[in-house]
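Working notes for the structure below.
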Amino acid sequence: MNSDPSTTNTLPEWKVRKPQKMIEMPPRSELYCLPPLEVETVEVESLTSYIQRMAWAYRVNPRVLVAEVILPHLGHSYYTDLPHLGSFSRTRSMSINGIGEVAQHWASTLEQLTMRSDLRLLTLHPWADGLPAWGLQRQTLQWCPVCYDEWREHQQPVYQPLLWVIQAVTVCLRHRQLLVEYCPSCQQPQSAIASKRGLGCCTQCGAWLGSKSGSEQVCEKDLLDWQSWTKQVVEELILAYKMFGSLPWHLLPVGINACVEAVGGTRQMGRIAGVPNVLFSTWRKQQRTPSFTYLLKVSYALDLSPLQLMTVEPERLKNILYVKTEYRLPPRVGLPAPASKGDLDRIQTFLQTILEGEVAPLPLRHVAHRLGVGEKFLTGRFPGECAQILAQYQNARTERAKQRVGRECAEVEQAVRTLDKQGIPLSRSQVVPLLSNPNILRRPEARARWQALCRERGFEP
């Protein structure tokens with residue numbers, strides 16, 4: 001017998017267990033890695049739209065997602081805080097889609113939470129950094145009702161394209177109709193971050209904002225040409241950023257100066273482009289950067305894109321313009337209409353429809369905007385009607401506030417009765433989860449009703 005221990009204790013090679021390497025789990029994102037829509041096209045969705053779709057993917061209120069997950073990671077208290085989140089969502093949340101520091105921080109924070117690297121493309125910052133915010137970004141949402149309806153009918157996600165955030169974009173080229181700014185049911189503008197309803201529903205009254213027919217107003221050819229040019233410019237700028245990185249907006253004055261010299265001076269350039277000629281002097285001296293709206297007008301008139309003004313050599317730009325004999329003016333979009341008799345009659349008729357209740361009560365600024373005139377012009381020409389419309393709107397607001405107070409007090413009473421039936425001791429922490437809005441008890445009327453109900457039951461709240 002072989003007594004060598006090296007041979008007696010040896011096992012067959014296939015029975016020997018080899019040490020296994022530890023399998024490292026890949027890192028996990030804090031939020032669902034939701035892919036943004038149309039990220040490779042000019043129809044890419046906006047960042048506020050992405051936030052809302054993210055929230056509804058979790059089946060939670062978008063403002064809850066913002067308050068509980070996003071805000072703690074921003075680390076900048078001047079953006080917003082929980083008590084003022086509602087006001088921020090209604091008025092200033094459009095800045096999330098823009099070019100400023102707010103947009104950069106929200107995009108980078110969401111990229112960290114989702115572990116994505118393309119969410120910065122959902123803002124205007126990548127390709128428009130270097131332009132002033134004025135004349136670039138809208139302050140309120142606009143949408144195409146037919147697009148909304150088609151997306152829902154084909155079971156596609158309803159979303160807000162970033163293109164609709166741009167101030168110069170006013171038409172849906174797919175359906176050749178003007179974009180809408182106010183809910184057809186309540187005549188109110190929309191919040192960029194909704195509180196209860198999904199995308200496509202009014203953030204104020206809950207009505208569906210889509211429509212199969214859309215607006216009855218037919219866009220004229222010159223307006224469609226202008227909007228098509230605007231979309232092409234935006235698409236070119238987006239592609240240029242993806243290929244070359246940050247765009248050289250600081251070189252824009254060089255191109256503008258060459259164009260001014262080629263056409264014969266700032267006064268002539270102002271007439272060609274329909275832009276105040278004094279602005280060209282400040283642009284050439286680099287005292288001010290052109291707004292995107294004015295830049296589009298100049299580019300459209302000269303048939304030179306903003307990218308060409310930044311990148312083409314000055315002498316070549318001059319040679320292009322030396323042989324040009326015709327120029328084109330963009331349509332008067334969003335400018336006050338001249339005060340002709342026909343215009344005044346049209347305004348008078350619309351004001352009467354509001355006073356007679358055919359249109360929901362509106363604030364004067366919304367009336368002026370829908371008519372395409374200034375608020376001062378409206379009150380100056382129609383002081384009596386404006387005073388009545390203002391009183392009508394204030395009365396409607398007062399009535400809505402009374403109805404809201406009544407509903408909230410009834411909610412508190414119903415919650416207290418529910419706890420009484422279940423035999424649960426009455427407390428604020430038990431009542432709040434039963435309310436549609438946890439902030440209801442912070443409002444004076446609902447708090448007073450809650451305190452009265454507590455006293456009826458023999459204890460102080």
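Letters A, B, ... go to the chains of the structure tokens in the order shown; residues in each chain start at 1; ligands are counted from 1 in the same order.
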Give me, as JSON lines, the closest atom pair and its distance (Å, one decimal) for every residue of stretch 269-364 of chain A within a cut-off of 8 Å of stretch 392-396 of chain A, counting only C-alpha atoms, rows sorted by chain and rising number.
{"residue": "A:Leu355", "atom": "CA", "partner": "A:Gln392", "partner_atom": "CA", "distance": 7.7}
{"residue": "A:Pro361", "atom": "CA", "partner": "A:Tyr393", "partner_atom": "CA", "distance": 5.0}
{"residue": "A:Leu362", "atom": "CA", "partner": "A:Tyr393", "partner_atom": "CA", "distance": 5.8}
{"residue": "A:Pro363", "atom": "CA", "partner": "A:Tyr393", "partner_atom": "CA", "distance": 6.1}
Tell me which protein, DNA and RNA residues are within 12 Å of stretch 52-68 of chain A, counting only C-alpha atoms, leaving out same-chain ones fewer than 2 positions away, and put them as a PyMOL selection string.
chain A and resi 31-37+45-50+70-74+79-90+93+106+109-110+113-114+157-160+191-200+203+436-438
A:Asp225 proximity check over A:Val359, A:Met243, A:Val171, A:Val432, using only C-alpha atoms: winner is A:Val171
Neighbouring residues of stretch 233-240 of chain A were defined as those with any atom within 12 Å, considering only C-alpha atoms; residues of the same chain fewer than 6 positions away were excluded. Please report them as an MDAnalysis selection string.
chainID A and resid 39:44 121:129 136 162:166 168:169 226:227 246:249 292:293 295:297 299:300 303:311
Keeping N, CA and C atoms, export the residues of the selection given above as a CSV table (one decimal), in the first residue's frame.
chain,number,residue,atom,x,y,z
A,39,VAL,N,-35.3,61.8,-28.3
A,39,VAL,CA,-34.1,62.5,-27.9
A,39,VAL,C,-33.2,62.7,-29.1
A,40,GLU,N,-33.3,62.0,-30.2
A,40,GLU,CA,-32.4,62.2,-31.3
A,40,GLU,C,-33.0,63.1,-32.4
A,41,THR,N,-34.1,63.8,-32.1
A,41,THR,CA,-34.7,64.6,-33.1
A,41,THR,C,-35.0,66.0,-32.5
A,42,VAL,N,-35.5,66.9,-33.4
A,42,VAL,CA,-35.9,68.2,-33.0
A,42,VAL,C,-37.1,68.2,-32.2
A,43,GLU,N,-37.9,67.1,-32.2
A,43,GLU,CA,-39.1,66.9,-31.4
A,43,GLU,C,-38.8,66.4,-30.0
A,44,VAL,N,-37.6,66.5,-29.5
A,44,VAL,CA,-37.3,66.0,-28.2
A,44,VAL,C,-38.1,66.6,-27.1
A,121,LEU,N,-30.1,67.3,-22.8
A,121,LEU,CA,-30.6,67.6,-24.1
A,121,LEU,C,-32.1,68.0,-24.1
A,122,LEU,N,-32.7,67.8,-22.9
A,122,LEU,CA,-34.1,68.2,-22.8
A,122,LEU,C,-34.3,69.7,-22.4
A,123,THR,N,-33.2,70.4,-22.4
A,123,THR,CA,-33.2,71.8,-22.1
A,123,THR,C,-32.7,72.6,-23.3
A,124,LEU,N,-32.8,73.9,-23.3
A,124,LEU,CA,-32.3,74.7,-24.3
A,124,LEU,C,-30.8,75.1,-24.1
A,125,HIS,N,-30.3,74.8,-23.0
A,125,HIS,CA,-28.9,75.2,-22.6
A,125,HIS,C,-27.9,74.7,-23.6
A,126,PRO,N,-27.9,73.4,-24.0
A,126,PRO,CA,-26.7,72.9,-24.8
A,126,PRO,C,-26.4,73.7,-26.0
A,127,TRP,N,-27.5,74.1,-26.8
A,127,TRP,CA,-27.2,74.8,-28.0
A,127,TRP,C,-27.5,76.3,-28.0
A,128,ALA,N,-28.2,76.8,-26.9
A,128,ALA,CA,-28.5,78.2,-26.8
A,128,ALA,C,-27.7,78.9,-25.7
A,129,ASP,N,-26.8,78.3,-25.1
A,129,ASP,CA,-26.0,78.9,-24.1
A,129,ASP,C,-25.1,80.0,-24.7
A,136,LEU,N,-36.2,84.1,-26.2
A,136,LEU,CA,-35.9,82.7,-26.5
A,136,LEU,C,-37.0,81.8,-26.0
A,162,LEU,N,-39.8,70.0,-26.5
A,162,LEU,CA,-39.0,71.2,-26.2
A,162,LEU,C,-39.2,72.3,-27.2
A,163,LEU,N,-39.5,71.9,-28.4
A,163,LEU,CA,-39.7,72.9,-29.5
A,163,LEU,C,-40.8,73.9,-29.1
A,164,TRP,N,-41.9,73.4,-28.4
A,164,TRP,CA,-43.0,74.3,-28.1
A,164,TRP,C,-42.6,75.3,-27.0
A,165,VAL,N,-41.5,75.1,-26.4
A,165,VAL,CA,-41.0,76.0,-25.3
A,165,VAL,C,-40.5,77.3,-25.9
A,166,ILE,N,-40.0,77.2,-27.2
A,166,ILE,CA,-39.3,78.3,-27.8
A,166,ILE,C,-40.4,79.4,-28.2
A,168,ALA,N,-40.5,81.8,-30.4
A,168,ALA,CA,-40.7,82.0,-31.8
A,168,ALA,C,-41.6,80.9,-32.5
A,169,VAL,N,-41.7,79.8,-31.8
A,169,VAL,CA,-42.5,78.7,-32.4
A,169,VAL,C,-44.0,78.9,-32.0
A,226,TRP,N,-42.3,80.8,-42.5
A,226,TRP,CA,-41.5,81.4,-41.3
A,226,TRP,C,-41.3,80.3,-40.3
A,227,GLN,N,-42.4,79.6,-39.9
A,227,GLN,CA,-42.3,78.5,-38.9
A,227,GLN,C,-41.4,77.4,-39.3
A,246,SER,N,-20.1,73.1,-27.7
A,246,SER,CA,-20.6,74.4,-27.5
A,246,SER,C,-20.5,75.3,-28.8
A,247,LEU,N,-21.5,76.1,-29.0
A,247,LEU,CA,-21.5,76.9,-30.3
A,247,LEU,C,-20.9,78.2,-30.0
A,248,PRO,N,-20.2,78.8,-31.0
A,248,PRO,CA,-19.4,80.0,-30.8
A,248,PRO,C,-20.3,81.3,-31.0
A,249,TRP,N,-21.3,81.5,-30.1
A,249,TRP,CA,-22.1,82.6,-30.2
A,249,TRP,C,-21.3,83.9,-30.0
A,292,PHE,N,-32.9,85.7,-29.6
A,292,PHE,CA,-33.1,84.6,-30.6
A,292,PHE,C,-34.2,85.1,-31.6
A,293,THR,N,-35.2,85.8,-31.1
A,293,THR,CA,-36.3,86.2,-32.0
A,293,THR,C,-35.8,87.2,-33.0
A,295,LEU,N,-32.7,87.6,-33.9
A,295,LEU,CA,-31.7,86.9,-34.7
A,295,LEU,C,-32.4,86.1,-35.8
A,296,LEU,N,-33.5,85.4,-35.5
A,296,LEU,CA,-34.3,84.7,-36.5
A,296,LEU,C,-34.8,85.6,-37.6
A,297,LYS,N,-35.2,86.8,-37.2
A,297,LYS,CA,-35.7,87.7,-38.2
A,297,LYS,C,-34.6,88.2,-39.2
A,299,SER,N,-31.8,86.5,-39.9
A,299,SER,CA,-31.4,85.4,-40.6
A,299,SER,C,-32.4,85.0,-41.7
A,300,TYR,N,-33.7,85.2,-41.4
A,300,TYR,CA,-34.8,84.8,-42.4
A,300,TYR,C,-34.7,85.8,-43.5
A,303,ASP,N,-31.7,85.1,-45.6
A,303,ASP,CA,-31.6,83.7,-46.0
A,303,ASP,C,-30.2,83.1,-45.6
A,304,LEU,N,-29.7,83.5,-44.4
A,304,LEU,CA,-28.5,83.0,-43.8
A,304,LEU,C,-28.8,82.5,-42.4
A,305,SER,N,-28.5,81.2,-42.1
A,305,SER,CA,-28.9,80.7,-40.7
A,305,SER,C,-27.9,81.3,-39.7
A,306,PRO,N,-28.4,81.3,-38.4
A,306,PRO,CA,-27.5,81.8,-37.4
A,306,PRO,C,-26.2,81.1,-37.3
A,307,LEU,N,-26.2,79.8,-37.6
A,307,LEU,CA,-24.9,79.0,-37.7
A,307,LEU,C,-24.0,79.6,-38.7
A,308,GLN,N,-24.5,80.0,-39.9
A,308,GLN,CA,-23.7,80.6,-40.9
A,308,GLN,C,-23.1,81.9,-40.5
A,309,LEU,N,-23.9,82.7,-39.8
A,309,LEU,CA,-23.4,84.0,-39.3
A,309,LEU,C,-22.3,83.9,-38.3
A,310,MET,N,-22.3,82.7,-37.6
A,310,MET,CA,-21.2,82.5,-36.6
A,310,MET,C,-20.0,81.9,-37.2
A,311,THR,N,-20.1,81.1,-38.3
A,311,THR,CA,-19.0,80.2,-38.7
A,311,THR,C,-18.4,80.6,-40.1
Neighbours of A:Pro290 within 8 Å (only C-alpha atoms; same-chain residues fewer than 6 positions away dropped), as JSON, numbers by chain?
{"A": [131, 132, 283]}
Residue contacts of stretch 261-274 of chain A (9 Å, only C-alpha atoms) excluding same-chain residues fewer than 2 positions away, as a PyMOL selection string:
chain A and resi 256-259+276-281+294+297-302+317-322+327-330
Straight-line distance linking atom CA of A:Glu456 with atom CA of A:Asn439, stated in Å to one decimal:
22.8 Å
Run DSSP on the backbone and give me the residues of stretch 219-315 of chain A it puts in alpha helix (DSSP H), as a PyMOL selection string.
chain A and resi 221-244+252-263+266-273+277-284+292-302+306-311+314-315
Apply DSSP to the structure's backbone, then extract all residues of stretch 121-355 of chain A labelled strand (DSSP E) and return them as a ChimeraX atom specification.
/A:171-172,177-178
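Comparing the minimum interatomic distances between A:His175 and each of A:Asp222, A:Asp149, A:Glu411, A:Glu30, counting only C-alpha atoms, we find that A:Asp149 sits nearest.
Neighbours of A:Gly458 closer than or equal to 12 Å, with only C-alpha atoms counted and sequence neighbours fewer than 6 positions away skipped, come out as Leu426, Gln451 and Ala452 of chain A.
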Can those selected residues be exported to a file as a PDB file, in the first residue's frame so that it contains N, CA and C atoms?
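Saved result, part.pdb, follows:
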ATOM      1  N   LEU A 426     -59.516  60.975  17.332  1.00  0.00           N
ATOM      2  CA  LEU A 426     -59.365  62.096  16.413  1.00  0.00           C
ATOM      3  C   LEU A 426     -58.025  62.792  16.633  1.00  0.00           C
ATOM      4  N   GLN A 451     -60.861  72.922  14.039  1.00  0.00           N
ATOM      5  CA  GLN A 451     -60.828  73.264  15.455  1.00  0.00           C
ATOM      6  C   GLN A 451     -62.219  73.216  16.080  1.00  0.00           C
ATOM      7  N   ALA A 452     -63.223  73.670  15.322  1.00  0.00           N
ATOM      8  CA  ALA A 452     -64.596  73.637  15.837  1.00  0.00           C
ATOM      9  C   ALA A 452     -65.068  72.198  16.031  1.00  0.00           C
TER      10      ALA A 452
END
